[in-house]
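Below is one structure, written out as structure tokens, with a few remarks after it.
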Amino acid sequence: MNQAAVVLLFGGRSSEHSISSATAGGVLRAIDRDRFRVIPVGITRDGAFVLEDDDPDKFALDPSRLPEVADNGTRIIWPDSTLTRELQVRHPDGRVESLGDVDVVFPILHGRFGEDGTVQGFLELLDLPYVGAGLLMSAIGMDKHTTKSILQAAGVPVVPWVTVTRADLDRTPDLWQRRIHALGLPAFVKPARAGSSVGVSKVSDWSELDAALATAFAEDDTVLVEQGVSGREVECGVLQGRDGGVPRVSVAGEIVVSGRDFYDFEAKYLNADGVDLVCPADLHEGELAEMQRIAARAFEAVGGQGLSRVDFFYTGTEFFVNEVNTMPGFTPISMFPTCWIASGMSYPELITELLELAR
């Protein structure tokens, strides 16, 4: 069988560099080697494209040492026009080696400079097929304010929020304080363009607001303050339909928070105590059907390409979409693959499906 050449692109310049690297480790371990030849390309924190090791263990999540892409002196040379798909690598000694033609790129990049449409635009210029959302959908999904605005316009229920910039607060601080306080407590403060709960804080008393804003502004100049919703945190995976068909939605998973303020970075990726992931979630048939309907609607509203994980708050009477993540994590404890495995699709089959959709 001829193997399709897959460039696995990971790391990157965002604050989610290590999570992207860990996700790559999971994919390297699970990808069907009979069908796909993998070319691991890492992006260092400084933005250098390097040829990485095809070693899942190198990128395993370890709380004492998060994985990352180091600059090993190699440099990837991308195709010089749309007339070729040949990838090359220049070694530290100056020797240039062909890595063969590329069939598809799998950009497992989280956060800015990767999940936000930047890399997607680069691959569009090279005319290389790639996994996941296109440029516009990626840009929409990365920006929480834009996502919520589009979902609201499409009739998808979202949690009330206020979007504020540093300049807004500097110009009219009293006005923005009133708007934020009108949301009530608790509230969540988030950078507009970051993921993996980086820079997110829960505010239970207004005395905590300034510190929460400072944490979020350290990640982005635009910040969202969202009304806290009392309800269950449930999620599902969505895949683009085959041959123009309707989106496919997985069963639901639930995040049960018992010993932490919320589902934070440590709980998501370092297996910290105080959070349990339950899949499938305990939902009645009608509840699950309604959740899946809204998830598909949200997915299509932002572009309907590739894949997404759609996150909800469920109050017992209504589902509110919290986020549409266009490149969710694939680490061993991530919800997106877990939901699809619970729906009857194995981890290798899920990766194969994404690569086939891209091609």
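Ligands are numbered from 1 in the order shown, residues from 1 within each chain, and chains are lettered A, B, ... in the order they appear in the structure tokens.
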
**OP:** For Arg179 in chain A, list every protein, DNA or RNA residue within 10 Å, evaluated using only C-alpha atoms, and leave out those in the same chain fewer than 6 positions away; present the list as a list in words.
**Re:**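 Everything that qualifies: Trp161, Val162, Thr163, Val164 and Val225 of chain A.
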
Expected file: the selected residues, N, CA and C atoms, as a compact mmCIF listing (two decimals), in the first residue's frame:
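Output file part-v4.txt follows:
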# COMPACT_ATOMS: atom_id res chain seq x y z
N TRP A 161 -21.98 38.33 28.23
CA TRP A 161 -20.56 38.68 28.40
C TRP A 161 -20.34 40.16 28.10
N VAL A 162 -19.20 40.64 28.52
CA VAL A 162 -18.73 41.98 28.20
C VAL A 162 -17.31 41.85 27.67
N THR A 163 -17.03 42.50 26.54
CA THR A 163 -15.69 42.51 25.98
C THR A 163 -15.06 43.88 26.23
N VAL A 164 -13.84 43.89 26.74
CA VAL A 164 -13.20 45.14 27.11
C VAL A 164 -11.72 45.10 26.70
N VAL A 225 -15.28 39.23 29.95
CA VAL A 225 -15.80 38.91 31.27
C VAL A 225 -17.16 38.27 31.05

Once DSSP has gone over the backbone, tell me which residues of range 86-286 of chain A are in alpha helix (DSSP H), as a VMD selection string. chain A and resid 118 to 126 135 to 142 144 to 153 166 to 171 173 to 181 209 to 217 265 to 269 285 to 286

* Mind checking which residues fall within 12 Å of Val27 in chain A, counting only C-alpha atoms, ignoring those fewer than 3 positions away in the same chain, and posting them as a VMD selection string? => chain A and resid 6 to 10 20 to 24 30 to 33 36 38 40 54 to 57 59 to 60 106 to 108 329 to 332 337 347 to 352 354 to 355

Using only C-alpha atoms, the residue out of A:Glu124, A:Asp174, A:Asp221, A:Glu356 with shortest distance to Gly306 in chain A is A:Glu356

Using only C-alpha atoms, which residues sit within 9 Å of Leu185 in chain A once same-chain residues fewer than 4 positions away are excluded, as a list of chain:residue names?
->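 Here the answer would be A:His181, A:Val203, A:Ser204, A:Asp205, A:Trp206, A:Gln227, A:Gly228.
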
| query | Near His110 in chain A, within 7 Å and counting only C-alpha atoms, which residues show up once chain neighbours fewer than 5 positions away are dropped, as a ChimeraX atom specification? | reply | /A:16,20,115,327

Would you please extract all strand (DSSP E or B) residues from range 133-345 of chain A, as assigned by DSSP on the backbone, and give them as a VMD selection string?
-> chain A and resid 158 161 to 165 187 to 191 201 to 203 222 to 227 232 to 239 248 to 257 275 to 278 307 to 314 319 to 325

Practice item. Rank nothing, just name the residue among A:Ile294, A:Phe312, A:Val249, A:Arg45 nearest to Val156 in chain A, using only C-alpha atoms. Key: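 For Val156 in chain A, the nearest of the given residues is A:Ile294.
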
Students should find that CA of Val89 in chain A and CA of Ile43 in chain A are spaced 13.6 Å

*For Arg112 in chain A, work out the shell of residues within 12 Å, counting only C-alpha atoms and skipping chain neighbours fewer than 5 positions away, then give it as a PyMOL selection string.*
chain A and resi 11-17+20+45+47+117-120+138-139+141-143+191-196+198+219-220+327

**Asked** What's the 8 Å shell around Gly304 in chain A, counting only C-alpha atoms, without same-chain residues fewer than 4 positions away, as number ranges by chain?
**Response** A: 133, 137, 240, 247, 299-300

For those residues, write N, CA and C atoms to a file as a PDB file, in the first residue's frame.
ATOM      1  N   ALA A 133     -10.080  23.373  10.301  1.00  0.00           N
ATOM      2  CA  ALA A 133     -10.795  24.524   9.779  1.00  0.00           C
ATOM      3  C   ALA A 133      -9.917  25.348   8.843  1.00  0.00           C
ATOM      4  N   MET A 137     -12.626  30.288   9.404  1.00  0.00           N
ATOM      5  CA  MET A 137     -13.186  29.581  10.559  1.00  0.00           C
ATOM      6  C   MET A 137     -12.185  29.528  11.701  1.00  0.00           C
ATOM      7  N   GLN A 240     -16.808  17.257  10.419  1.00  0.00           N
ATOM      8  CA  GLN A 240     -17.431  17.654   9.167  1.00  0.00           C
ATOM      9  C   GLN A 240     -18.080  16.445   8.508  1.00  0.00           C
ATOM     10  N   PRO A 247     -23.025  17.551   9.638  1.00  0.00           N
ATOM     11  CA  PRO A 247     -21.969  17.297  10.616  1.00  0.00           C
ATOM     12  C   PRO A 247     -22.307  16.091  11.495  1.00  0.00           C
ATOM     13  N   PHE A 299     -21.321  24.608  15.044  1.00  0.00           N
ATOM     14  CA  PHE A 299     -20.232  24.227  14.142  1.00  0.00           C
ATOM     15  C   PHE A 299     -20.446  24.826  12.761  1.00  0.00           C
ATOM     16  N   GLU A 300     -21.642  24.715  12.241  1.00  0.00           N
ATOM     17  CA  GLU A 300     -21.933  25.253  10.909  1.00  0.00           C
ATOM     18  C   GLU A 300     -21.917  26.783  10.911  1.00  0.00           C
TER      19      GLU A 300
END

Quiz prompt | Top pick for closest residue to Gln3 in chain A, considering A:Val50, A:Leu123, A:Val102, A:Met345 and counting only C-alpha atoms | solution =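 Answer, going by the shortest atom-to-atom distance: A:Val102.
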
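Counting only C-alpha atoms, the residue from A:Ser149, A:Asn2, A:Ser334, A:Ser197 that sits nearest to Asp103 in chain A is A:Asn2.
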